[in-house]
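Trainee: Below you will find the structure I want to go over with you.
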Amino acid sequence: MSEQDERTGYDVHATEAKWLPVWDQLDPFRADDDSPREKRYALTMFPYPSGDLHMGHAEVTALHDVIARYWWQRGFEVMNPIGWDSFGLPAENAAIQRNEHPATYTYANIETQAASFRKYAVSFDWSRRLHTSDPEYYRWTQWLFLQLRRRGLAYRKSSPVNWCPHDQTVLANEQVVDGFCERCGAQVTKRELTQWYFKVTEYAQRLLDDMEDLQWPERVLTLQRNWIGRSEGAHVDFEVTTDGTGETRKVSVYTTRPDTLFGATFMVVAADAKLAEEIVSPEQRAAYDEYLAQTRMASDIDRMSTDRPKTGVFLGAWATNPVNGQKVPVWAADYVLADYGTGAIMAVPGQDQRDWDFATKFDLPIVRTVQPTEGFEAAGGEAFTGNGPAINSANEAVSLDGMGVDEAKRVIIDYLEEQGTGRGAVNYRLRDWLLSRQRFWGCPIPVIHCPRCGEVDVPEDQLPVELPELKGADLKPKGVSPLAAAEDWVNVECPQCGGPAKRDSDTMDTFVDSSWYFLRYCSPHDQDQAFDPALVREWMPVDQYVGGVEHAVLHLLYSRFFTKALFDMGLVDFQEPFTALLNQGVVINQGKKMSKSLGNGVSLGEQLSEFGVDAVRLTLVFAGPPEDNIDWADMSPAGSLRFLQRAWRLSGDVTSAAGISPTEGDVALRKVTHRTLHDAAELVESHRFNVMVARMMELVNATRKAIDSGPGADDAAVREAAEAVAILLSLVAPYTAEEMWSRLGHEPTVARAGWPVVDEALLVEDSVTAVVQVQGKLRARLEVSPDISETELEALAMGDESVQRALEGKQVRKVIVRAPKLVNIVAG
RNA sequence: GCGCCCGUAGCCCAAUAGGUAGAGGCACCAGGUUUAGGUCCUGGCCAGUGCGAGUUCGAGUCUCGCCGGGCGUACCA
């Protein structure tokens, strides 16, 4: 016992040691599939097993646990599962360093974190625990991959991909941040490789449309919308001829401004697109090759700087504008992207600033097709991107002149469709999900490559394809992936023809593992299927998902894609996995993100041993709105501990017997208790946990006062209040709550005691304060009945002495009455 | 550059449909309890809501423009 504890009598660490084994015995949070109660699914993003838990884990689970524990108290059957996202690179790198198997590091960390979660007293259902690196789990990841492949949603193609030279693996677009590897920070380069993809793009529109019904932060929805990047426009076909070859071919461009087609004075093809290579003239080839080499050398960083001058090279080819027959030059440039739209654009310098810059640099013609606003050019305006009447936009068959942008778009698309030279089109920024990884510690791709039969699925009865036992140096990438080098493993018989064949030696992106774990939780021990459809129907979709905003586009988009694909297969009966989402903020210190280099890290373990689990949890919940960042330097866990001690002392002061009827108790205190219970419920449901804690503190203060200078410790209302405090506290500070509950003469566990029934009669106020304003200035306060009528209140206000004084010599012009709270008199 | 969010006491934060700016806490000060410090109890100090306009009987809340901070995005045609 520390000194402080001796004085207060409350020993947090002894309390922790006392109740942990009791709870283990009671197992109060095991979700019963057969329960008749209404079911709720509370999910927190499962952790990656690197080291022990840190402040971030402490925050997200403390917040999430308020909701889960509240639901239990409200009588729901709650599923709040926990597992580990346990494949991934850090384990592999650690294994290479320590010359051991990645599983050693992974499962040791999992045990450490599990023990910490247990002590941290999160209301997890431990019976559903899963690890994505267990063969029992990844067997079904592989099975799902095969289902997607069967529906054409998983396919292999060759294309230039993001390659991380440090991690020696490809990356998804989503994992490249500003040209650097999201994981290790190395500069990402491009490589032409044949890789597996999931066809996310096929779901682009549905992923967009179904966001309507999600109770998600607007921020996340916006991020996903931008990521999907839908735009409307048209494909326009140009005939392209190449000098010196006599060859002619059709080239389509995508544009969102088909109305400006008459102003297309040149065409630009992405320098690294195959098309550029194909149409360049013999004469220009050398110049093009040099430009391409130059482009490839420029890093993504250089390419992304905003005010970089335009570069490009003439391809020696000419395109015919389908609406005016004009022959315009075709250039290659790096400001056009090979993998967006068709990799080629029609350039309209009059209406697009990038094209304007390019045109002025290379002295290409500029034709305006939208009349700029008055004074635009005088003010130095270049490309005019605003709305205005079309000009210079007519041929013998069609004229856009005079039309606004929207009308002109419609008319020109109709015309192009009639002529067969173009069509309206929708385009997305979203690309397919590249899921192959050239690393070891991941889920093997269950496909066999046979020289005779091609890509052959591993038969379902041979799943899982387990990882071979490699460790240490075997895992180092040596040009080929570690699996490709494992000869015994990679060489197999073709399941179709029996001939010699090779396993696919890549593993899956770990985001595949986490795209369906929420389904597995519903039947985590099922040996015969990925998930039990009946149980999934019981529990899914997730009612409340809590996690970091860093997954706004990766994990959340992929999980939505998986769910929709499974819906289309008839395997689930809902299209969105997560009904509501809460993004907690980040725990920072002294205004900055915690980091080793800054030396401002705060150790969760140290905080827990200094202040105890409950005080740390309370501090995190009370700090502010859950989505705000918490600066630990501004927090006072010592203050939280003092509050817990105050609450705890109430339980020792109560002298009435357990079970006593509260109806005879002090009405004033009873009103505070019932009002607090009523409001606390609303506050938890609207995620204003910090305010809920403040209300709880008020109740503790009121109860203290009732004991010391009110009706006294034996009053029934005091017991009622103390018990309410224990139940409210059970959402945030489970140990203190349990100890209080016990001292109040009850059996564990308070976590399942149930939310007290709120007596509506006690929520009614006898009187309220009405304010009277004259000219908006406060002149009087009146104690009135809450159901006073407007006329009554007005009369009362007008009769008030200080109001009369304020009105002296003035004419009352208007009286605004909002019974029972306010009267505002306008006079003059 | 573009888009979104946020600016309330020394600090963290409250303020249901626009209606008394302050619920809760931290820090600080005073009194009581205490051998003393701390704890505990009681009380107190502290802003007119970043700045400027507008709408309104009434604006922290709505609108516009600045200033400051944060997040996202980056040649997507």
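Here, A, B, ... name the chains of the structure tokens in the order displayed, residue numbers run from 1 inside each chain, and ligands are numbered from 1 in the same displayed order.
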Return as a PDB file with all heavy atoms, in the first residue's frame the residues belonging to chain B that are within 6 Å of chain A, counting only C-alpha atoms (C1' of nucleotides).

Mentor:
ATOM      1  P     G B  24     -20.371  22.142 -11.661  1.00  0.00           P
ATOM      2  OP1   G B  24     -20.779  21.783 -10.285  1.00  0.00           O
ATOM      3  OP2   G B  24     -19.751  23.453 -11.934  1.00  0.00           O
ATOM      4  O5'   G B  24     -19.395  21.009 -12.211  1.00  0.00           O
ATOM      5  C5'   G B  24     -19.819  19.662 -12.188  1.00  0.00           C
ATOM      6  C4'   G B  24     -18.815  18.805 -12.886  1.00  0.00           C
ATOM      7  O4'   G B  24     -18.822  19.086 -14.305  1.00  0.00           O
ATOM      8  C3'   G B  24     -17.370  19.073 -12.489  1.00  0.00           C
ATOM      9  O3'   G B  24     -17.039  18.469 -11.252  1.00  0.00           O
ATOM     10  C2'   G B  24     -16.623  18.470 -13.674  1.00  0.00           C
ATOM     11  O2'   G B  24     -16.649  17.062 -13.617  1.00  0.00           O
ATOM     12  C1'   G B  24     -17.504  18.952 -14.829  1.00  0.00           C
ATOM     13  N9    G B  24     -17.055  20.259 -15.317  1.00  0.00           N
ATOM     14  C8    G B  24     -17.606  21.496 -15.068  1.00  0.00           C
ATOM     15  N7    G B  24     -16.937  22.473 -15.633  1.00  0.00           N
ATOM     16  C5    G B  24     -15.879  21.844 -16.287  1.00  0.00           C
ATOM     17  C6    G B  24     -14.824  22.398 -17.065  1.00  0.00           C
ATOM     18  O6    G B  24     -14.595  23.579 -17.336  1.00  0.00           O
ATOM     19  N1    G B  24     -13.966  21.402 -17.536  1.00  0.00           N
ATOM     20  C2    G B  24     -14.118  20.057 -17.295  1.00  0.00           C
ATOM     21  N2    G B  24     -13.192  19.262 -17.827  1.00  0.00           N
ATOM     22  N3    G B  24     -15.102  19.534 -16.566  1.00  0.00           N
ATOM     23  C4    G B  24     -15.938  20.481 -16.106  1.00  0.00           C
ATOM     24  P     C B  57     -36.607  41.501 -35.815  1.00  0.00           P
ATOM     25  OP1   C B  57     -38.076  41.385 -35.892  1.00  0.00           O
ATOM     26  OP2   C B  57     -35.883  42.536 -36.583  1.00  0.00           O
ATOM     27  O5'   C B  57     -36.182  41.645 -34.287  1.00  0.00           O
ATOM     28  C5'   C B  57     -36.267  42.907 -33.644  1.00  0.00           C
ATOM     29  C4'   C B  57     -36.034  42.725 -32.166  1.00  0.00           C
ATOM     30  O4'   C B  57     -37.103  41.914 -31.608  1.00  0.00           O
ATOM     31  C3'   C B  57     -34.776  41.957 -31.799  1.00  0.00           C
ATOM     32  O3'   C B  57     -33.658  42.822 -31.761  1.00  0.00           O
ATOM     33  C2'   C B  57     -35.118  41.414 -30.417  1.00  0.00           C
ATOM     34  O2'   C B  57     -34.983  42.382 -29.414  1.00  0.00           O
ATOM     35  C1'   C B  57     -36.601  41.069 -30.597  1.00  0.00           C
ATOM     36  N1    C B  57     -36.841  39.670 -30.969  1.00  0.00           N
ATOM     37  C2    C B  57     -36.649  38.658 -30.015  1.00  0.00           C
ATOM     38  O2    C B  57     -36.249  38.971 -28.886  1.00  0.00           O
ATOM     39  N3    C B  57     -36.883  37.372 -30.335  1.00  0.00           N
ATOM     40  C4    C B  57     -37.317  37.073 -31.570  1.00  0.00           C
ATOM     41  N4    C B  57     -37.548  35.794 -31.844  1.00  0.00           N
ATOM     42  C5    C B  57     -37.522  38.066 -32.564  1.00  0.00           C
ATOM     43  C6    C B  57     -37.279  39.339 -32.225  1.00  0.00           C
ATOM     44  P     G B  58     -32.319  42.359 -32.390  1.00  0.00           P
ATOM     45  OP1   G B  58     -31.342  43.446 -32.206  1.00  0.00           O
ATOM     46  OP2   G B  58     -32.592  41.848 -33.748  1.00  0.00           O
ATOM     47  O5'   G B  58     -31.895  41.146 -31.456  1.00  0.00           O
ATOM     48  C5'   G B  58     -31.472  41.420 -30.117  1.00  0.00           C
ATOM     49  C4'   G B  58     -31.301  40.142 -29.350  1.00  0.00           C
ATOM     50  O4'   G B  58     -32.561  39.423 -29.313  1.00  0.00           O
ATOM     51  C3'   G B  58     -30.341  39.131 -29.981  1.00  0.00           C
ATOM     52  O3'   G B  58     -29.003  39.434 -29.639  1.00  0.00           O
ATOM     53  C2'   G B  58     -30.802  37.823 -29.355  1.00  0.00           C
ATOM     54  O2'   G B  58     -30.331  37.683 -28.030  1.00  0.00           O
ATOM     55  C1'   G B  58     -32.317  38.029 -29.315  1.00  0.00           C
ATOM     56  N9    G B  58     -33.002  37.439 -30.459  1.00  0.00           N
ATOM     57  C8    G B  58     -33.514  38.096 -31.558  1.00  0.00           C
ATOM     58  N7    G B  58     -34.087  37.287 -32.417  1.00  0.00           N
ATOM     59  C5    G B  58     -33.949  36.026 -31.850  1.00  0.00           C
ATOM     60  C6    G B  58     -34.366  34.756 -32.316  1.00  0.00           C
ATOM     61  O6    G B  58     -34.988  34.484 -33.357  1.00  0.00           O
ATOM     62  N1    G B  58     -34.021  33.744 -31.433  1.00  0.00           N
ATOM     63  C2    G B  58     -33.356  33.934 -30.263  1.00  0.00           C
ATOM     64  N2    G B  58     -33.095  32.829 -29.552  1.00  0.00           N
ATOM     65  N3    G B  58     -32.951  35.100 -29.807  1.00  0.00           N
ATOM     66  C4    G B  58     -33.279  36.097 -30.646  1.00  0.00           C
ATOM     67  P     C B  75      -1.000  14.926 -59.192  1.00  0.00           P
ATOM     68  OP1   C B  75      -0.546  13.557 -59.162  1.00  0.00           O
ATOM     69  OP2   C B  75      -0.023  16.026 -59.157  1.00  0.00           O
ATOM     70  O5'   C B  75      -2.052  15.158 -60.385  1.00  0.00           O
ATOM     71  C5'   C B  75      -3.042  16.172 -60.222  1.00  0.00           C
ATOM     72  C4'   C B  75      -2.900  17.162 -61.370  1.00  0.00           C
ATOM     73  O4'   C B  75      -1.526  17.539 -61.500  1.00  0.00           O
ATOM     74  C3'   C B  75      -3.353  16.577 -62.682  1.00  0.00           C
ATOM     75  O3'   C B  75      -4.441  17.329 -63.173  1.00  0.00           O
ATOM     76  C2'   C B  75      -2.140  16.740 -63.585  1.00  0.00           C
ATOM     77  O2'   C B  75      -2.505  17.245 -64.820  1.00  0.00           O
ATOM     78  C1'   C B  75      -1.279  17.772 -62.854  1.00  0.00           C
ATOM     79  N1    C B  75       0.151  17.640 -63.108  1.00  0.00           N
ATOM     80  C2    C B  75       0.756  18.619 -63.877  1.00  0.00           C
ATOM     81  O2    C B  75       0.071  19.565 -64.290  1.00  0.00           O
ATOM     82  N3    C B  75       2.082  18.506 -64.135  1.00  0.00           N
ATOM     83  C4    C B  75       2.768  17.479 -63.668  1.00  0.00           C
ATOM     84  N4    C B  75       4.048  17.405 -63.947  1.00  0.00           N
ATOM     85  C5    C B  75       2.158  16.453 -62.880  1.00  0.00           C
ATOM     86  C6    C B  75       0.851  16.571 -62.626  1.00  0.00           C
ATOM     87  P     A B  77     -11.022  14.711 -63.620  1.00  0.00           P
ATOM     88  OP1   A B  77     -12.306  15.171 -63.143  1.00  0.00           O
ATOM     89  OP2   A B  77     -10.793  13.302 -63.967  1.00  0.00           O
ATOM     90  O5'   A B  77     -10.681  15.611 -64.877  1.00  0.00           O
ATOM     91  C5'   A B  77     -11.107  15.201 -66.140  1.00  0.00           C
ATOM     92  C4'   A B  77     -10.417  16.037 -67.172  1.00  0.00           C
ATOM     93  O4'   A B  77      -8.986  15.998 -66.935  1.00  0.00           O
ATOM     94  C3'   A B  77     -10.616  15.507 -68.585  1.00  0.00           C
ATOM     95  O3'   A B  77     -11.793  16.010 -69.169  1.00  0.00           O
ATOM     96  C2'   A B  77      -9.367  15.975 -69.283  1.00  0.00           C
ATOM     97  O2'   A B  77      -9.451  17.326 -69.621  1.00  0.00           O
ATOM     98  C1'   A B  77      -8.324  15.784 -68.185  1.00  0.00           C
ATOM     99  N9    A B  77      -7.750  14.435 -68.164  1.00  0.00           N
ATOM    100  C8    A B  77      -8.336  13.256 -68.492  1.00  0.00           C
ATOM    101  N7    A B  77      -7.552  12.211 -68.363  1.00  0.00           N
ATOM    102  C5    A B  77      -6.359  12.751 -67.932  1.00  0.00           C
ATOM    103  C6    A B  77      -5.135  12.172 -67.615  1.00  0.00           C
ATOM    104  N6    A B  77      -4.891  10.872 -67.691  1.00  0.00           N
ATOM    105  N1    A B  77      -4.140  12.972 -67.206  1.00  0.00           N
ATOM    106  C2    A B  77      -4.385  14.285 -67.122  1.00  0.00           C
ATOM    107  N3    A B  77      -5.509  14.955 -67.386  1.00  0.00           N
ATOM    108  C4    A B  77      -6.469  14.118 -67.792  1.00  0.00           C
TER     109        A B  77
END

Trainee: Show me, as a list in words, the residues that have an atom within 10 Å of Leu416 (chain A) when counting only C-alpha atoms (C1' of nucleotides), minus same-chain residues fewer than 5 positions from it.

Mentor: Ala234, His235, Val236, Asp237, Pro258, Pro322, Val323, Val411, Thr421, Gly422, Arg423 and Gly424 of chain A

Trainee: Would you put the residues from that selection into a file with C-alpha atoms, as a PDB file, in the first residue's frame?

Mentor:
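So the final result, stored in part-v7.pdb, reads:
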ATOM      1  CA  ALA A 234     -17.448  11.529 -72.539  1.00  0.00           C
ATOM      2  CA  HIS A 235     -15.168   9.392 -74.586  1.00  0.00           C
ATOM      3  CA  VAL A 236     -14.288  11.038 -77.882  1.00  0.00           C
ATOM      4  CA  ASP A 237     -12.682   9.144 -80.758  1.00  0.00           C
ATOM      5  CA  PRO A 258     -16.829  17.506 -74.199  1.00  0.00           C
ATOM      6  CA  PRO A 322     -14.104  14.616 -85.162  1.00  0.00           C
ATOM      7  CA  VAL A 323     -16.195  17.784 -85.054  1.00  0.00           C
ATOM      8  CA  VAL A 411     -25.874  18.561 -77.110  1.00  0.00           C
ATOM      9  CA  THR A 421     -17.460   9.234 -82.761  1.00  0.00           C
ATOM     10  CA  GLY A 422     -18.039   9.446 -79.036  1.00  0.00           C
ATOM     11  CA  ARG A 423     -20.321   8.656 -76.129  1.00  0.00           C
ATOM     12  CA  GLY A 424     -21.179   9.841 -72.664  1.00  0.00           C
TER      13      GLY A 424
END

Trainee: Would you pick out the contacts of region 184-197 of chain A at 9 Å or less, using only C-alpha atoms (C1' of nucleotides), so that residues sharing its chain but fewer than 6 positions from it are not included, and give the list as a PyMOL selection string?

Mentor: chain A and resi 153-167+170-171+176-177+296+299-300+432-437+506+508

Trainee: If you keep N, CA, C and O atoms, can you produce a file of those selected residues as a tab-separated table (two decimals), in the first residue's frame?

Mentor:
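Generated file (out_19.tsv):
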chain	number	residue	atom	x	y	z
A	153	LEU	N	-13.74	-11.88	-59.89
A	153	LEU	CA	-13.38	-10.70	-59.13
A	153	LEU	C	-11.92	-10.72	-58.67
A	153	LEU	O	-11.43	-9.76	-58.12
A	154	ALA	N	-11.25	-11.87	-58.88
A	154	ALA	CA	-9.81	-11.92	-58.63
A	154	ALA	C	-9.17	-12.36	-59.94
A	154	ALA	O	-9.57	-13.36	-60.52
A	155	TYR	N	-8.21	-11.59	-60.41
A	155	TYR	CA	-7.61	-11.91	-61.71
A	155	TYR	C	-6.16	-11.48	-61.70
A	155	TYR	O	-5.72	-10.71	-60.85
A	156	ARG	N	-5.40	-11.99	-62.67
A	156	ARG	CA	-3.98	-11.65	-62.76
A	156	ARG	C	-3.74	-10.82	-64.01
A	156	ARG	O	-4.28	-11.11	-65.08
A	157	LYS	N	-2.94	-9.79	-63.86
A	157	LYS	CA	-2.56	-9.04	-65.05
A	157	LYS	C	-1.16	-8.46	-64.86
A	157	LYS	O	-0.66	-8.34	-63.75
A	158	SER	N	-0.57	-8.11	-66.01
A	158	SER	CA	0.74	-7.50	-65.98
A	158	SER	C	0.59	-6.00	-66.15
A	158	SER	O	-0.11	-5.56	-67.05
A	159	SER	N	1.21	-5.26	-65.27
A	159	SER	CA	1.19	-3.81	-65.43
A	159	SER	C	2.25	-3.18	-64.56
A	159	SER	O	2.83	-3.83	-63.70
A	160	PRO	N	2.53	-1.92	-64.80
A	160	PRO	CA	3.53	-1.26	-63.97
A	160	PRO	C	2.95	-1.07	-62.57
A	160	PRO	O	1.88	-0.52	-62.41
A	161	VAL	N	3.65	-1.57	-61.57
A	161	VAL	CA	3.11	-1.52	-60.22
A	161	VAL	C	4.05	-0.78	-59.29
A	161	VAL	O	5.23	-0.60	-59.59
A	162	ASN	N	3.53	-0.37	-58.16
A	162	ASN	CA	4.36	0.28	-57.15
A	162	ASN	C	5.23	-0.75	-56.48
A	162	ASN	O	4.75	-1.80	-56.04
A	163	TRP	N	6.50	-0.46	-56.42
A	163	TRP	CA	7.45	-1.42	-55.86
A	163	TRP	C	8.25	-0.73	-54.76
A	163	TRP	O	8.82	0.34	-54.97
A	164	CYS	N	8.26	-1.36	-53.60
A	164	CYS	CA	9.06	-0.80	-52.52
A	164	CYS	C	10.40	-1.51	-52.49
A	164	CYS	O	10.47	-2.71	-52.21
A	165	PRO	N	11.48	-0.81	-52.82
A	165	PRO	CA	12.80	-1.46	-52.89
A	165	PRO	C	13.29	-1.91	-51.52
A	165	PRO	O	14.08	-2.84	-51.42
A	166	HIS	N	12.83	-1.28	-50.47
A	166	HIS	CA	13.28	-1.67	-49.14
A	166	HIS	C	12.59	-2.94	-48.67
A	166	HIS	O	13.22	-3.90	-48.25
A	167	ASP	N	11.26	-2.94	-48.74
A	167	ASP	CA	10.51	-4.11	-48.30
A	167	ASP	C	10.48	-5.20	-49.37
A	167	ASP	O	9.98	-6.29	-49.13
A	170	VAL	N	5.53	-5.44	-53.79
A	170	VAL	CA	4.65	-4.46	-54.43
A	170	VAL	C	3.72	-3.88	-53.38
A	170	VAL	O	3.53	-4.44	-52.30
A	171	LEU	N	3.14	-2.74	-53.71
A	171	LEU	CA	2.22	-2.08	-52.80
A	171	LEU	C	0.95	-1.70	-53.54
A	171	LEU	O	1.00	-1.41	-54.74
A	176	VAL	N	0.76	3.74	-50.90
A	176	VAL	CA	1.80	4.67	-51.31
A	176	VAL	C	1.37	6.06	-50.87
A	176	VAL	O	0.33	6.55	-51.27
A	177	VAL	N	2.15	6.65	-49.99
A	177	VAL	CA	1.81	7.96	-49.48
A	177	VAL	C	2.84	8.97	-49.99
A	177	VAL	O	4.02	8.88	-49.66
A	296	ARG	N	11.10	8.62	-66.59
A	296	ARG	CA	11.19	7.49	-65.66
A	296	ARG	C	12.13	7.82	-64.51
A	296	ARG	O	11.96	7.34	-63.40
A	299	SER	N	11.62	11.39	-60.02
A	299	SER	CA	10.93	10.70	-58.94
A	299	SER	C	9.48	11.19	-58.87
A	299	SER	O	9.14	12.22	-59.44
A	300	ASP	N	8.69	10.42	-58.19
A	300	ASP	CA	7.29	10.83	-58.01
A	300	ASP	C	7.21	12.19	-57.31
A	300	ASP	O	6.30	12.96	-57.55
A	432	ASP	N	-8.19	-1.04	-59.39
A	432	ASP	CA	-8.35	-2.36	-58.79
A	432	ASP	C	-7.29	-2.56	-57.70
A	432	ASP	O	-6.23	-1.95	-57.72
A	433	TRP	N	-7.61	-3.45	-56.77
A	433	TRP	CA	-6.80	-3.67	-55.58
A	433	TRP	C	-5.74	-4.72	-55.87
A	433	TRP	O	-6.06	-5.88	-56.09
A	434	LEU	N	-4.49	-4.28	-55.86
A	434	LEU	CA	-3.37	-5.19	-56.09
A	434	LEU	C	-3.09	-5.93	-54.78
A	434	LEU	O	-2.71	-5.31	-53.79
A	435	LEU	N	-3.27	-7.24	-54.78
A	435	LEU	CA	-3.20	-7.93	-53.49
A	435	LEU	C	-1.99	-8.83	-53.34
A	435	LEU	O	-1.73	-9.34	-52.25
A	436	SER	N	-1.21	-9.05	-54.39
A	436	SER	CA	-0.03	-9.92	-54.26
A	436	SER	C	1.06	-9.22	-53.47
A	436	SER	O	1.29	-8.03	-53.63
A	437	ARG	N	1.73	-9.98	-52.63
A	437	ARG	CA	2.90	-9.45	-51.91
A	437	ARG	C	4.00	-10.49	-52.00
A	437	ARG	O	3.75	-11.68	-51.78
A	506	ASP	N	3.44	-15.94	-54.12
A	506	ASP	CA	3.16	-14.68	-53.43
A	506	ASP	C	2.18	-14.94	-52.28
A	506	ASP	O	1.51	-15.95	-52.23
A	508	MET	N	-0.89	-12.88	-49.72
A	508	MET	CA	-1.88	-11.82	-49.87
A	508	MET	C	-1.55	-10.64	-48.96
A	508	MET	O	-1.05	-10.80	-47.86

Trainee: Using only C-alpha atoms (C1' of nucleotides), determine which residues lie at most 12 Å from region 31-33 of chain B, disregarding the query and same-chain residues fewer than 2 positions distant; provide the list as a short mmCIF file (atom, residue, chain, number, x, y, z; two decimals) with N, CA and C atoms (P, O5', C5', C4', C3', O3' and C1' of nucleotides), in the first residue's frame.

Mentor:
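The result, written out as out_20.cif:
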data_model
loop_
_atom_site.label_atom_id
_atom_site.label_comp_id
_atom_site.auth_asym_id
_atom_site.auth_seq_id
_atom_site.Cartn_x
_atom_site.Cartn_y
_atom_site.Cartn_z
P C B 29 -1.46 28.90 -4.53
"O5'" C B 29 -2.61 29.87 -3.99
"C5'" C B 29 -2.51 31.29 -4.19
"C4'" C B 29 -3.76 31.96 -3.69
"C3'" C B 29 -4.20 31.57 -2.28
"O3'" C B 29 -3.48 32.26 -1.29
"C1'" C B 29 -6.07 31.54 -3.73
P U B 39 -3.87 17.63 -1.73
"O5'" U B 39 -4.67 16.47 -1.00
"C5'" U B 39 -4.62 15.14 -1.51
"C4'" U B 39 -5.36 14.22 -0.58
"C3'" U B 39 -6.83 14.54 -0.36
"O3'" U B 39 -7.63 14.02 -1.41
"C1'" U B 39 -5.79 14.12 1.74
P C B 40 -8.85 14.90 -1.95
"O5'" C B 40 -9.78 15.03 -0.67
"C5'" C B 40 -10.44 13.89 -0.14
"C4'" C B 40 -11.13 14.25 1.15
"C3'" C B 40 -12.06 15.46 1.06
"O3'" C B 40 -13.33 15.08 0.57
"C1'" C B 40 -10.65 15.70 2.94
P C B 41 -14.12 16.10 -0.39
"O5'" C B 41 -14.70 17.16 0.65
"C5'" C B 41 -15.69 16.77 1.60
"C4'" C B 41 -15.96 17.91 2.53
"C3'" C B 41 -16.31 19.24 1.86
"O3'" C B 41 -17.66 19.31 1.46
"C1'" C B 41 -14.69 19.62 3.54
P U B 42 -18.09 20.23 0.24
"O5'" U B 42 -17.89 21.70 0.79
"C5'" U B 42 -18.71 22.18 1.84
"C4'" U B 42 -18.31 23.58 2.20
"C3'" U B 42 -18.23 24.55 1.04
"O3'" U B 42 -19.50 25.05 0.66
"C1'" U B 42 -16.32 24.80 2.40
P G B 43 -19.77 25.47 -0.86
"O5'" G B 43 -18.88 26.77 -1.02
"C5'" G B 43 -19.28 27.98 -0.41
"C4'" G B 43 -18.15 28.97 -0.39
"C3'" G B 43 -17.71 29.52 -1.74
"O3'" G B 43 -18.59 30.49 -2.25
"C1'" G B 43 -15.81 29.05 -0.41
P G B 44 -18.64 30.78 -3.81
"O5'" G B 44 -17.23 31.46 -4.11
"C5'" G B 44 -16.91 32.74 -3.55
"C4'" G B 44 -15.48 33.08 -3.80
"C3'" G B 44 -15.09 33.27 -5.26
"O3'" G B 44 -15.48 34.54 -5.73
"C1'" G B 44 -13.41 32.03 -4.12
#

Trainee: I'd like the contact shell of region 725-733 of chain A - 6 Å cut-off, only C-alpha atoms (C1' of nucleotides), skipping same-chain residues fewer than 6 positions apart - returned as a list of chain:residue names.

Mentor: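 Close residues of region 725-733 of chain A: A:Val66, A:Arg69, A:Asp614, A:Leu618, A:Ala751.
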
Trainee: Which of region 319-436 of chain A counts as strand (DSSP E or B) under DSSP, as a PyMOL selection string please?

Mentor: chain A and resi 319-320+327-333+344-347+370+390+394+399+422-427+433-434+436

Trainee: Check region 82-325 of chain A with DSSP on the backbone and list each residue it calls alpha helix (DSSP H), as a count of residues only.

Mentor: 85

Trainee: Quick one: pull the distance between CA of Pro786 (chain A) and CA of Gly710 (chain A), Å, one decimal.

Mentor: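 Going from CA of Pro786 (chain A) over to CA of Gly710 (chain A) covers 25.7 Å.
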
Trainee: Which polymer residues have any atom within 9 Å of an atom of His64 (chain A), counting only C-alpha atoms (C1' of nucleotides), with same-chain residues fewer than 5 positions away left out, as a short mmCIF file (atom, residue, chain, number, x, y, z; two decimals) with N, CA, C and O atoms, in the first residue's frame?

Mentor:
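Final output, saved to selection_17.cif:
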data_model
loop_
_atom_site.label_atom_id
_atom_site.label_comp_id
_atom_site.auth_asym_id
_atom_site.auth_seq_id
_atom_site.Cartn_x
_atom_site.Cartn_y
_atom_site.Cartn_z
N ALA A 42 -20.67 -4.98 -31.07
CA ALA A 42 -19.75 -3.87 -30.83
C ALA A 42 -18.36 -4.31 -31.24
O ALA A 42 -17.84 -5.30 -30.72
N LEU A 43 -17.76 -3.62 -32.18
CA LEU A 43 -16.47 -4.08 -32.70
C LEU A 43 -15.43 -2.98 -32.63
O LEU A 43 -15.70 -1.82 -32.98
N THR A 44 -14.25 -3.35 -32.16
CA THR A 44 -13.13 -2.42 -32.20
C THR A 44 -12.10 -3.00 -33.14
O THR A 44 -11.93 -4.21 -33.23
N GLU A 59 -6.82 4.12 -25.31
CA GLU A 59 -7.89 5.06 -25.61
C GLU A 59 -9.04 4.40 -26.36
O GLU A 59 -10.19 4.50 -25.97
N ARG A 69 -20.29 -1.88 -22.69
CA ARG A 69 -20.76 -2.10 -21.33
C ARG A 69 -22.13 -1.44 -21.10
O ARG A 69 -22.97 -1.97 -20.36
N VAL A 122 -11.14 -4.87 -20.40
CA VAL A 122 -12.03 -4.60 -21.53
C VAL A 122 -13.07 -5.72 -21.57
O VAL A 122 -12.74 -6.88 -21.33
N GLN A 544 -21.79 -1.01 -33.98
CA GLN A 544 -20.88 0.10 -33.72
C GLN A 544 -19.45 -0.35 -33.93
O GLN A 544 -18.99 -1.29 -33.28
N TYR A 545 -18.78 0.31 -34.85
CA TYR A 545 -17.38 0.02 -35.12
C TYR A 545 -16.57 1.20 -34.60
O TYR A 545 -16.92 2.34 -34.84
N VAL A 546 -15.49 0.91 -33.87
CA VAL A 546 -14.67 1.99 -33.33
C VAL A 546 -13.22 1.75 -33.73
O VAL A 546 -12.71 0.63 -33.60
N GLY A 547 -12.59 2.77 -34.26
CA GLY A 547 -11.19 2.62 -34.65
C GLY A 547 -10.63 3.90 -35.21
O GLY A 547 -11.31 4.92 -35.28
N LEU A 582 -17.19 5.11 -35.36
CA LEU A 582 -16.66 6.19 -34.52
C LEU A 582 -15.14 6.18 -34.65
O LEU A 582 -14.51 5.16 -34.44
#
